[in-house]
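Coordinates as given in protein-v4.tsv (TSV, C-alpha atoms and all ligand atoms):
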chain	number	residue	atom	x	y	z
A	149	GLN	CA	-24.01	12.15	-5.64
A	150	LYS	CA	-23.65	8.44	-4.95
A	151	PHE	CA	-21.61	5.91	-6.87
A	152	ASP	CA	-21.98	2.31	-7.96
A	153	VAL	CA	-18.79	0.56	-6.90
A	154	CYS	CA	-17.26	-2.87	-7.48
A	155	ILE	CA	-14.51	-4.52	-5.39
A	156	LEU	CA	-12.48	-7.14	-7.27
A	157	GLY	CA	-10.86	-9.40	-4.64
A	158	ALA	CA	-13.70	-8.76	-2.17
A	159	THR	CA	-12.95	-11.97	-0.24
A	160	GLY	CA	-9.25	-11.11	0.18
A	161	LEU	CA	-7.44	-9.23	2.91
A	162	VAL	CA	-7.18	-5.89	1.11
A	163	GLY	CA	-10.64	-6.14	-0.50
A	164	LYS	CA	-12.28	-6.73	2.88
A	165	THR	CA	-10.38	-3.82	4.39
A	166	ILE	CA	-11.43	-1.55	1.51
A	167	MET	CA	-15.07	-2.36	2.33
A	168	GLU	CA	-14.51	-1.60	6.04
A	169	ILE	CA	-12.88	1.73	5.18
A	170	LEU	CA	-15.63	2.67	2.70
A	171	GLU	CA	-18.07	2.16	5.57
A	172	GLU	CA	-15.93	4.02	8.13
A	173	ARG	CA	-15.39	7.03	5.88
A	174	LYS	CA	-18.99	6.98	4.64
A	175	PHE	CA	-18.00	6.95	0.98
A	176	PRO	CA	-21.19	7.77	-0.96
A	177	ILE	CA	-22.18	4.37	-2.36
A	178	ASN	CA	-25.36	3.57	-4.19
A	179	LYS	CA	-24.74	-0.09	-5.05
A	180	LEU	CA	-21.79	-2.27	-4.06
A	181	TYR	CA	-20.73	-5.28	-6.16
A	182	PRO	CA	-18.25	-7.61	-4.38
A	183	LEU	CA	-16.35	-9.66	-6.98
A	184	ALA	CA	-14.02	-12.65	-6.65
A	185	SER	CA	-13.20	-15.83	-8.55
A	186	ALA	CA	-15.75	-18.56	-9.30
A	187	ARG	CA	-14.45	-20.28	-6.10
A	188	SER	CA	-16.13	-17.75	-3.81
A	189	ALA	CA	-19.05	-16.62	-5.96
A	190	GLY	CA	-22.27	-17.04	-3.96
A	191	GLU	CA	-20.64	-16.29	-0.57
A	192	ILE	CA	-22.42	-13.62	1.45
A	193	ILE	CA	-20.63	-10.58	2.82
A	194	GLU	CA	-21.96	-7.80	5.06
A	195	PHE	CA	-21.74	-4.19	3.97
A	196	ASN	CA	-23.42	-1.22	5.68
A	197	GLY	CA	-25.78	-3.61	7.46
A	198	GLU	CA	-26.81	-5.40	4.25
A	199	SER	CA	-26.01	-8.96	3.14
A	200	ILE	CA	-24.60	-8.96	-0.38
A	201	GLU	CA	-23.73	-11.91	-2.60
A	202	VAL	CA	-20.18	-12.21	-3.99
A	203	LEU	CA	-20.25	-12.36	-7.80
A	204	ASN	CA	-17.94	-14.13	-10.25
A	205	ALA	CA	-15.72	-11.42	-11.78
A	206	GLY	CA	-15.61	-13.33	-15.06
A	207	GLU	CA	-19.37	-12.94	-15.49
A	208	PHE	CA	-19.71	-9.35	-14.25
A	209	ASP	CA	-20.81	-6.52	-16.51
A	210	PHE	CA	-18.39	-3.76	-15.44
A	211	SER	CA	-20.54	-1.05	-17.07
A	212	GLN	CA	-22.72	-1.33	-13.94
A	213	ALA	CA	-19.98	0.27	-11.79
A	214	GLN	CA	-18.50	3.76	-12.01
A	215	ILE	CA	-15.56	3.01	-9.73
A	216	GLY	CA	-13.73	-0.32	-9.27
A	217	PHE	CA	-11.25	-1.19	-6.54
A	218	PHE	CA	-9.01	-4.00	-7.86
A	219	SER	CA	-7.03	-6.11	-5.42
A	220	ALA	CA	-6.89	-9.67	-6.72
A	221	GLY	CA	-3.31	-9.96	-7.96
A	222	GLY	CA	-1.44	-8.66	-11.00
A	223	SER	CA	-2.62	-11.22	-13.54
A	224	THR	CA	-6.27	-10.72	-12.54
A	225	SER	CA	-5.89	-6.96	-12.96
A	226	ALA	CA	-4.14	-7.45	-16.31
A	227	LYS	CA	-7.16	-9.43	-17.47
A	228	PHE	CA	-10.05	-7.40	-16.03
A	229	ALA	CA	-8.84	-3.77	-15.69
A	230	PRO	CA	-8.83	-3.00	-19.44
A	231	ILE	CA	-12.29	-4.59	-19.79
A	232	ALA	CA	-13.66	-2.56	-16.88
A	233	ALA	CA	-11.99	0.66	-18.04
A	234	GLU	CA	-13.39	0.19	-21.54
A	235	ALA	CA	-16.87	-0.27	-20.03
A	236	GLY	CA	-16.56	3.10	-18.25
A	237	CYS	CA	-15.62	1.83	-14.78
A	238	ILE	CA	-12.66	3.86	-13.41
A	239	VAL	CA	-10.23	1.32	-11.94
A	240	ILE	CA	-8.16	2.00	-8.81
A	241	ASP	CA	-5.64	-0.83	-9.02
A	242	ASN	CA	-3.68	-2.12	-6.04
A	243	THR	CA	-1.35	-4.40	-7.98
A	244	SER	CA	1.94	-3.49	-9.65
A	245	GLU	CA	0.51	-4.33	-13.10
A	246	PHE	CA	0.08	-0.74	-14.40
A	247	ARG	CA	2.25	1.31	-12.00
A	248	TYR	CA	5.14	1.83	-14.38
A	249	ASP	CA	3.12	2.70	-17.49
A	250	ALA	CA	3.91	6.34	-18.29
A	251	ASP	CA	0.29	7.24	-19.02
A	252	ILE	CA	-1.12	5.75	-15.78
A	253	PRO	CA	-1.11	8.00	-12.70
A	254	LEU	CA	0.50	6.59	-9.53
A	255	VAL	CA	-1.07	8.48	-6.66
A	256	VAL	CA	-0.58	9.15	-2.95
A	257	PRO	CA	-3.26	11.77	-2.22
A	258	GLU	CA	-1.16	13.68	0.36
A	259	VAL	CA	1.82	13.78	-2.02
A	260	ASN	CA	0.84	14.12	-5.70
A	261	PRO	CA	-2.93	14.69	-5.92
A	262	GLY	CA	-2.46	16.62	-9.18
A	263	ALA	CA	-1.41	13.47	-11.03
A	264	LEU	CA	-4.89	12.01	-10.60
A	265	ALA	CA	-6.28	13.98	-13.57
A	266	GLU	CA	-4.30	11.66	-15.88
A	267	TYR	CA	-6.75	8.88	-15.07
A	268	ARG	CA	-8.57	10.03	-18.22
A	269	ASN	CA	-5.80	8.53	-20.39
A	270	ARG	CA	-6.88	4.95	-19.71
A	271	ASN	CA	-9.50	5.07	-16.92
A	272	ILE	CA	-6.97	3.35	-14.63
A	273	ILE	CA	-5.23	4.76	-11.54
A	274	ALA	CA	-2.44	2.82	-9.83
A	275	ASN	CA	-2.06	2.60	-6.06
A	276	PRO	CA	1.65	2.46	-5.14
A	277	ASN	CA	3.43	-0.29	-3.24
A	278	CYS	CA	2.83	-0.27	0.53
A	279	SER	CA	6.46	0.49	1.43
A	280	THR	CA	6.60	3.36	-1.06
A	281	ILE	CA	3.39	4.99	0.20
A	282	GLN	CA	4.46	5.45	3.82
A	283	MET	CA	7.93	6.59	2.77
A	284	MET	CA	6.46	9.20	0.38
A	285	VAL	CA	4.07	10.60	3.00
A	286	ALA	CA	7.01	11.23	5.35
A	287	LEU	CA	9.54	12.40	2.74
A	288	LYS	CA	7.43	14.86	0.73
A	289	PRO	CA	7.62	17.77	3.22
A	290	ILE	CA	11.42	17.39	3.47
A	291	TYR	CA	11.73	17.07	-0.31
A	292	ASP	CA	9.73	20.29	-0.78
A	293	SER	CA	11.72	22.15	1.87
A	294	VAL	CA	15.39	21.31	1.24
A	295	GLY	CA	15.43	18.76	-1.59
A	296	ILE	CA	16.43	15.12	-1.31
A	297	ASN	CA	19.40	13.72	-3.16
A	298	ARG	CA	19.47	10.15	-1.87
A	299	VAL	CA	17.61	7.78	0.44
A	300	ASN	CA	19.03	4.62	1.97
A	301	VAL	CA	16.17	2.56	3.32
A	302	CYS	CA	15.83	-0.79	5.02
A	303	THR	CA	12.29	-2.14	5.52
A	304	TYR	CA	10.84	-4.40	8.20
A	305	GLN	CA	7.67	-5.63	6.46
A	306	SER	CA	4.84	-7.64	7.97
A	307	VAL	CA	3.44	-10.81	6.44
A	308	SER	CA	0.01	-9.30	5.68
A	309	GLY	CA	1.67	-7.71	2.64
A	310	GLY	CA	1.60	-11.21	1.14
A	311	GLY	CA	-2.16	-11.69	1.68
A	312	LYS	CA	-4.15	-14.03	3.86
A	313	GLU	CA	-2.18	-17.19	3.04
A	314	SER	CA	1.06	-15.58	4.20
A	315	MET	CA	-0.55	-14.61	7.52
A	316	ASP	CA	-1.83	-18.15	7.96
A	317	GLU	CA	1.67	-19.48	7.30
A	318	LEU	CA	3.23	-17.36	10.07
A	319	ALA	CA	0.49	-18.37	12.52
A	320	LYS	CA	0.77	-22.06	11.68
A	321	GLN	CA	4.57	-22.17	11.79
A	322	THR	CA	4.58	-20.36	15.15
A	323	ALA	CA	2.04	-22.76	16.65
A	324	ASN	CA	3.88	-25.78	15.24
A	325	LEU	CA	7.26	-24.67	16.54
A	326	LEU	CA	5.88	-23.95	20.02
A	327	SER	CA	4.44	-27.44	20.14
A	328	GLY	CA	7.48	-29.23	18.74
A	329	LYS	CA	6.01	-30.04	15.32
A	330	PRO	CA	7.76	-29.66	11.93
A	331	VAL	CA	7.11	-26.55	9.82
A	332	GLU	CA	6.38	-26.18	6.13
A	333	SER	CA	7.24	-23.05	4.07
A	334	LYS	CA	5.11	-22.30	1.01
A	335	ASN	CA	4.67	-18.54	0.74
A	336	PHE	CA	8.19	-17.57	1.85
A	337	SER	CA	11.58	-18.86	0.70
A	338	ARG	CA	12.59	-19.60	4.33
A	339	GLN	CA	10.83	-20.26	7.63
A	340	ILE	CA	9.21	-16.93	8.64
A	341	ALA	CA	8.31	-17.72	12.26
A	342	PHE	CA	11.09	-16.54	14.64
A	343	ASN	CA	13.12	-15.53	11.57
A	344	VAL	CA	13.86	-12.53	9.32
A	345	ILE	CA	14.00	-12.92	5.51
A	346	PRO	CA	15.88	-10.42	3.29
A	347	GLN	CA	13.81	-11.29	0.23
A	348	ILE	CA	10.41	-9.89	-0.82
A	349	ASP	CA	9.22	-10.73	-4.34
A	350	VAL	CA	11.63	-12.15	-6.93
A	351	PHE	CA	15.32	-11.37	-7.51
A	352	LEU	CA	16.13	-9.25	-10.57
A	353	ASP	CA	19.33	-9.23	-12.66
A	354	ASN	CA	20.88	-6.34	-10.69
A	355	GLY	CA	20.79	-8.31	-7.40
A	356	TYR	CA	17.92	-6.26	-5.95
A	357	THR	CA	14.50	-7.82	-5.41
A	358	LYS	CA	11.47	-6.57	-7.31
A	359	GLU	CA	10.01	-5.18	-4.05
A	360	GLU	CA	13.17	-3.08	-3.64
A	361	MET	CA	13.08	-1.81	-7.22
A	362	LYS	CA	9.40	-0.89	-6.80
A	363	MET	CA	10.54	1.63	-4.16
A	364	VAL	CA	13.16	3.03	-6.57
A	365	TRP	CA	10.85	3.33	-9.61
A	366	GLU	CA	7.80	4.54	-7.70
A	367	THR	CA	9.63	7.24	-5.70
A	368	LYS	CA	10.90	8.82	-8.92
A	369	LYS	CA	7.47	8.66	-10.56
A	370	ILE	CA	5.51	10.03	-7.57
A	371	LEU	CA	7.93	12.91	-6.92
A	372	GLY	CA	8.28	13.48	-10.69
A	373	ASP	CA	12.05	13.54	-10.23
A	374	GLU	CA	14.33	11.09	-12.06
A	375	ASN	CA	17.32	12.32	-10.02
A	376	VAL	CA	16.21	11.11	-6.58
A	377	LEU	CA	18.40	8.15	-5.66
A	378	VAL	CA	16.89	5.33	-3.60
A	379	ASN	CA	18.95	2.43	-2.26
A	380	PRO	CA	16.60	-0.09	-0.59
A	381	THR	CA	16.81	-3.43	1.19
A	382	ALA	CA	13.38	-4.99	1.79
A	383	VAL	CA	13.07	-7.47	4.64
A	384	ARG	CA	10.15	-9.64	5.79
A	385	VAL	CA	9.74	-9.91	9.58
A	386	PRO	CA	7.41	-12.17	11.61
A	387	VAL	CA	4.87	-9.42	12.34
A	388	PHE	CA	1.23	-9.66	11.21
A	389	TYR	CA	0.31	-6.03	10.47
A	390	GLY	CA	2.40	-2.90	9.86
A	391	HIS	CA	5.64	-2.13	8.04
A	392	GLY	CA	8.62	-0.41	9.68
A	393	GLU	CA	11.27	1.46	7.69
A	394	SER	CA	14.66	2.76	8.78
A	395	LEU	CA	15.66	5.70	6.56
A	396	HIS	CA	18.94	7.55	6.05
A	397	ILE	CA	18.19	10.63	3.96
A	398	GLU	CA	20.75	12.85	2.24
A	399	THR	CA	19.26	16.29	1.64
A	400	ASN	CA	20.48	18.95	-0.82
A	401	SER	CA	21.11	21.43	1.98
A	402	PRO	CA	21.44	20.87	5.75
A	403	ILE	CA	18.33	20.63	7.92
A	404	SER	CA	18.18	20.01	11.67
A	405	ALA	CA	16.23	17.23	13.35
A	406	GLU	CA	14.08	19.88	15.07
A	407	GLU	CA	13.23	21.48	11.73
A	408	VAL	CA	12.27	18.07	10.30
A	409	LYS	CA	9.99	17.44	13.29
A	410	ASP	CA	8.33	20.84	12.81
A	411	LEU	CA	7.83	20.21	9.09
A	412	LEU	CA	6.36	16.76	9.60
A	413	GLU	CA	4.01	18.03	12.31
A	414	GLN	CA	2.36	20.20	9.64
A	415	ALA	CA	2.19	17.35	7.11
A	416	PRO	CA	-1.14	15.66	6.31
A	417	GLY	CA	-1.37	12.04	7.39
A	418	VAL	CA	1.77	12.12	9.58
A	419	VAL	CA	2.04	11.67	13.35
A	420	VAL	CA	5.41	12.81	14.72
A	421	CYS	CA	6.78	11.03	17.77
A	422	ARG	CA	8.98	13.92	18.94
A	423	ASN	CA	10.74	12.37	21.91
A	424	ASP	CA	13.31	9.65	21.31
A	425	GLU	CA	11.71	7.19	23.72
A	426	ASP	CA	8.24	7.67	22.16
A	427	PHE	CA	9.28	5.84	18.94
A	428	PRO	CA	6.33	4.19	17.16
A	429	THR	CA	5.96	0.45	16.64
A	430	GLN	CA	3.52	-1.71	14.70
A	431	ILE	CA	1.54	-2.86	17.72
A	432	GLY	CA	-0.06	-0.09	19.75
A	433	ASP	CA	0.75	2.69	17.27
A	434	ALA	CA	0.40	1.95	13.58
A	435	SER	CA	-1.65	-1.23	13.30
A	436	GLY	CA	-5.33	-0.43	12.64
A	437	LYS	CA	-4.61	3.28	11.96
A	438	ASP	CA	-4.51	5.35	8.79
A	439	ASP	CA	-1.66	7.69	9.75
A	440	THR	CA	2.04	7.28	9.09
A	441	PHE	CA	4.05	7.44	12.32
A	442	VAL	CA	7.56	8.91	12.34
A	443	GLY	CA	10.03	8.72	15.22
A	444	ARG	CA	13.77	8.44	15.97
A	445	ILE	CA	14.26	11.65	13.94
A	446	ARG	CA	17.90	12.60	14.34
A	447	GLU	CA	20.84	14.13	12.51
A	448	ASP	CA	23.21	11.66	10.87
A	449	ILE	CA	26.53	11.90	12.75
A	450	SER	CA	28.36	10.62	9.65
A	451	HIS	CA	26.99	13.13	7.08
A	452	ASN	CA	26.45	16.92	7.23
A	453	CYS	CA	23.26	16.75	5.13
A	454	GLY	CA	21.97	13.53	6.67
A	455	ILE	CA	18.76	12.82	8.59
A	456	ASN	CA	17.75	9.45	10.04
A	457	MET	CA	14.20	8.43	10.86
A	458	TRP	CA	12.00	5.42	11.66
A	459	ILE	CA	8.63	5.21	9.87
A	460	VAL	CA	5.74	2.85	10.67
A	461	ALA	CA	2.32	2.50	9.02
A	462	ASP	CA	-0.37	-0.14	8.63
A	463	ASN	CA	0.45	-1.69	5.25
A	464	VAL	CA	-3.05	-3.07	4.66
A	465	ARG	CA	-4.70	0.27	5.50
A	466	LYS	CA	-2.53	3.27	4.45
A	467	GLY	CA	-0.30	0.96	2.37
A	468	ALA	CA	-3.24	-0.32	0.33
A	469	ALA	CA	-6.92	0.04	1.27
A	470	THR	CA	-6.99	3.53	2.84
A	471	ASN	CA	-4.85	5.02	0.09
A	472	SER	CA	-7.20	3.53	-2.54
A	473	VAL	CA	-10.28	4.93	-0.80
A	474	GLN	CA	-8.59	8.35	-0.47
A	475	ILE	CA	-7.94	8.23	-4.24
A	476	ALA	CA	-11.65	7.51	-4.79
A	477	GLU	CA	-12.61	10.41	-2.51
A	478	LEU	CA	-10.38	12.78	-4.49
A	479	LEU	CA	-11.76	11.43	-7.76
A	480	ALA	CA	-15.33	11.92	-6.57
A	481	LYS	CA	-14.66	15.43	-5.27
A	482	ASP	CA	-12.51	16.86	-8.07
A	483	HIS	CA	-13.52	14.92	-11.15
A	484	LEU	CA	-16.86	13.16	-10.90
A	485	SER	CA	-19.15	15.70	-9.30
B	1	LIG	P1	-11.17	-15.92	-4.13
B	1	LIG	O1	-11.61	-15.84	-2.70
B	1	LIG	O2	-12.30	-16.29	-5.04
B	1	LIG	O3	-9.93	-16.74	-4.35
B	1	LIG	P2	-5.56	-12.33	-0.69
B	1	LIG	O4	-4.72	-11.18	-1.23
B	1	LIG	O5	-5.99	-12.13	0.72
B	1	LIG	O6	-4.90	-13.65	-0.92
B	1	LIG	O7	-6.93	-12.33	-1.60
B	1	LIG	C1	-6.92	-12.42	-3.02
B	1	LIG	C2	-8.28	-11.99	-3.57
B	1	LIG	O8	-8.23	-12.04	-5.00
B	1	LIG	C3	-9.44	-12.91	-3.17
B	1	LIG	O9	-10.61	-12.14	-3.03
B	1	LIG	C4	-9.54	-13.83	-4.40
B	1	LIG	O10	-10.82	-14.40	-4.58
B	1	LIG	C5	-9.27	-12.86	-5.51
B	1	LIG	N1	-8.84	-13.56	-6.73
B	1	LIG	C6	-7.72	-14.31	-6.90
B	1	LIG	N2	-7.67	-14.79	-8.17
B	1	LIG	C7	-8.77	-14.32	-8.82
B	1	LIG	C8	-9.28	-14.46	-10.16
B	1	LIG	N3	-8.65	-15.16	-11.09
B	1	LIG	N4	-10.47	-13.84	-10.45
B	1	LIG	C9	-11.12	-13.11	-9.52
B	1	LIG	N5	-10.68	-12.93	-8.25
B	1	LIG	C10	-9.53	-13.53	-7.89
Just give me the structure as structure tokens.
Ligand code: A2P
Amino acid sequence: QKFDVCILGATGLVGKTIMEILEERKFPINKLYPLASARSAGEIIEFNGESIEVLNAGEFDFSQAQIGFFSAGGSTSAKFAPIAAEAGCIVIDNTSEFRYDADIPLVVPEVNPGALAEYRNRNIIANPNCSTIQMMVALKPIYDSVGINRVNVCTYQSVSGGGKESMDELAKQTANLLSGKPVESKNFSRQIAFNVIPQIDVFLDNGYTKEEMKMVWETKKILGDENVLVNPTAVRVPVFYGHGESLHIETNSPISAEEVKDLLEQAPGVVVCRNDEDFPTQIGDASGKDDTFVGRIREDISHNCGINMWIVADNVRKGAATNSVQIAELLAKDHLS
């Protein structure tokens, strides 16, 4: 069986990567409809060796597609997802617009594939935040084995998480600074080149940023456990692709670093870097890959049920596009055939 598929945000960073991954993984597509705003309607994109015209989302009849990948920002999803869903197009949404609605499944295929069946409630499935996805892939086997009480996490997130304009800003600031020219900051609250910014998304009343609270809310929802405590600090670093995360986990009963390595070696989607000096980084390990890389696994010398680890994944791929395509594969296999 083949599917008619639309991509909302087809000219954007995540939308383009979704199309690449659909090609790579040979997702069974009959007809592909790339959608964007009126600004880019008429542009030509290449897919599976064919040239296809980008259409204006506002004029598209969503009943033509069975599956829609939405990656054009929260307000665009808020406007178009209900229309598409109503027309029978199952929406896989990359924005945070529907993630916290109780009747919308929030899915990481390696972690909670069973939740997918709830797509029938509203014909919408939410893809989690990039930082949450890679953390979930690495934590699930430990959670299942010994239970997790609390996670302290600090992220080192690349600029691609903010879309193409954020990447352009890092490149331009870097070039300007190296040639002695002034810099301008538009997408970040401070200069991002040669700097580190402890703010992603807006500040909320409790002093955390929204990006940090996404990790708190989404972890509880994906694990189906309101008692898991998450204490995050989300930081933007001048890296183009790939998010790093430093985790301090407090388990319900003690587990050794060796046992964690053994568990993670069996886990789908995880690559374990067993030796200390083989720790993964964005460049050379995670960037351009679909796996989540885990290294620096060690026992916490300050806590008898503590494990520390360093997690890296490609935020545009596993953190967004790959996870969405994996959701579509699961949907096609378990629900649409
Ligand atoms: P467009 O190229 O027409 O602006 P990125 O995350 O890389 O910044 O990309 C955002 C994506 O979302 C682009 O494909 C962009 O299309 C699309 N987009 C933004 N606003 C809208 C809108 N109001 N309607 C449809 N697509 C939109």
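The residue that comes closest to ligand LIG 1 (chain B), out of A:Ser244, A:Ser279, A:Thr367, A:Ser314 and on the basis of all atoms listed in the file, is A:Ser314.
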Give as number ranges by chain the residues surrounding ligand LIG 1 (chain B) up to a distance of 6 Å, considering only C-alpha atoms and all ligand atoms. A: 157-161, 184-188, 205, 220, 224, 311-313
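Comparing the minimum interatomic distances between Gly221 of chain A and each of A:Ala469, A:Leu170, A:Val162, A:Ile252, counting all atoms listed in the file, we find that A:Val162 sits nearest.
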Pull the closest atom pair for each residue of segment 211-304 of chain A that gets at most 10 Å from segment 392-416 of chain A, along with the distance in Å to one decimal, counting all atoms listed in the file, ordering rows by chain and then ascending residue number, as a tab-separated table.
residue	atom	partner	partner_atom	distance
A:Pro257	CA	A:Pro416	CA	9.6
A:Glu258	CA	A:Pro416	CA	6.3
A:Val259	CA	A:Pro416	CA	9.0
A:Ser279	CA	A:Glu393	CA	8.0
A:Gln282	CA	A:Glu393	CA	8.8
A:Met283	CA	A:Glu393	CA	7.9
A:Val285	CA	A:Pro416	CA	8.0
A:Ala286	CA	A:Leu412	CA	7.0
A:Leu287	CA	A:Leu412	CA	8.7
A:Lys288	CA	A:Ala415	CA	8.6
A:Pro289	CA	A:Leu411	CA	6.4
A:Ile290	CA	A:Val408	CA	6.9
A:Tyr291	CA	A:Thr399	CA	7.8
A:Ser293	CA	A:Leu411	CA	8.4
A:Val294	CA	A:Ser401	CA	5.8
A:Gly295	CA	A:Asn400	CA	5.1
A:Ile296	CA	A:Thr399	CA	4.3
A:Asn297	CA	A:Thr399	CA	5.4
A:Arg298	CA	A:Glu398	CA	5.1
A:Val299	CA	A:Ile397	CA	4.6
A:Asn300	CA	A:His396	CA	5.0
A:Val301	CA	A:Leu395	CA	4.5
A:Cys302	CA	A:Ser394	CA	5.3
A:Thr303	CA	A:Glu393	CA	4.3
A:Tyr304	CA	A:Gly392	CA	4.8
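Coordinates place atom CA of Ile155 of chain A at a distance of 5.8 Å from atom CA of Gly216 of chain A.
Every residue within 12 Å of the file position (-22.6, 9.8, 2.1), judged by all atoms listed in the file, is given as Gln149, Lys150, Phe151, Leu170, Glu171, Glu172, Arg173, Lys174, Phe175, Pro176, Ile177, Asn178, Asn196, Glu477 and Ala480 of chain A.
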Filtering to C-alpha atoms, could you give me those residues as a short mmCIF file (atom, residue, chain, number, x, y, z; two decimals), keeping the file's coordinate frame?
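Saved the output as part-v4.cif:
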data_model
loop_
_atom_site.label_atom_id
_atom_site.label_comp_id
_atom_site.auth_asym_id
_atom_site.auth_seq_id
_atom_site.Cartn_x
_atom_site.Cartn_y
_atom_site.Cartn_z
CA GLN A 149 -24.01 12.15 -5.64
CA LYS A 150 -23.65 8.44 -4.95
CA PHE A 151 -21.61 5.91 -6.87
CA LEU A 170 -15.63 2.67 2.70
CA GLU A 171 -18.07 2.16 5.57
CA GLU A 172 -15.93 4.02 8.13
CA ARG A 173 -15.39 7.03 5.88
CA LYS A 174 -18.99 6.98 4.64
CA PHE A 175 -18.00 6.95 0.98
CA PRO A 176 -21.19 7.77 -0.96
CA ILE A 177 -22.18 4.37 -2.36
CA ASN A 178 -25.36 3.57 -4.19
CA ASN A 196 -23.42 -1.22 5.68
CA GLU A 477 -12.61 10.41 -2.51
CA ALA A 480 -15.33 11.92 -6.57
#
Nearest residue to His391 of chain A from the set A:Lys466, A:Lys179, A:Arg444, A:Lys227 (distances using all atoms listed in the file): A:Lys466
Correct to one decimal, the distance atom CA of Asn204 of chain A-atom CA of Ala229 of chain A is 14.8 Å
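In this structure, atom CA of Pro380 of chain A sits 15.4 Å away from atom CA of Asp353 of chain A.
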Best match for closeness to Val464 of chain A among A:Asn260, A:Gln321, A:Ser308, A:Thr280, counting all atoms listed in the file: A:Ser308
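With only C-alpha atoms taken into account, the protein and nucleic acid residues at most 10 Å from Ile192 of chain A (excluding it and anything under 2 positions from it in its own chain) are Thr159, Pro182, Ser188, Ala189, Gly190, Glu194, Phe195, Glu198, Ser199, Ile200, Glu201, Val202 and Leu203 of chain A.
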Using all atoms listed in the file, give me every residue within 9 Å of (9.8, -15.9, 12.1) in file coordinates, as number ranges by chain. A: 318, 321-322, 339-345, 384-387
Dump N, CA and C atoms of segment 436-447 of chain A from the given block, as a compact mmCIF listing (two decimals), in the first residue's frame.
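Here's the written file part-v4.txt:
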# COMPACT_ATOMS: atom_id res chain seq x y z
N GLY A 436 23.99 14.12 11.28
CA GLY A 436 23.71 13.35 10.07
C GLY A 436 23.27 11.92 10.33
N LYS A 437 23.19 11.52 11.61
CA LYS A 437 22.80 10.14 11.95
C LYS A 437 21.41 10.13 12.60
N ASP A 438 20.85 8.92 12.68
CA ASP A 438 19.53 8.78 13.30
C ASP A 438 19.59 8.21 14.71
N ASP A 439 20.76 7.71 15.11
CA ASP A 439 20.88 7.10 16.43
C ASP A 439 21.11 8.16 17.51
N THR A 440 20.88 7.74 18.74
CA THR A 440 21.21 8.55 19.91
C THR A 440 22.47 7.95 20.52
N PHE A 441 23.49 8.78 20.71
CA PHE A 441 24.80 8.32 21.17
C PHE A 441 24.95 8.63 22.66
N VAL A 442 25.37 7.62 23.43
CA VAL A 442 25.51 7.81 24.88
C VAL A 442 26.91 7.44 25.33
N GLY A 443 27.57 8.35 26.01
CA GLY A 443 28.91 8.10 26.54
C GLY A 443 29.05 8.67 27.93
N ARG A 444 30.29 8.68 28.44
CA ARG A 444 30.60 9.18 29.80
C ARG A 444 29.68 8.54 30.86
N ILE A 445 29.30 7.28 30.65
CA ILE A 445 28.39 6.62 31.61
C ILE A 445 29.20 6.26 32.85
N ARG A 446 28.81 6.81 33.98
CA ARG A 446 29.57 6.57 35.20
C ARG A 446 28.67 6.72 36.42
N GLU A 447 29.12 6.09 37.53
CA GLU A 447 28.35 6.20 38.76
C GLU A 447 28.61 7.56 39.40
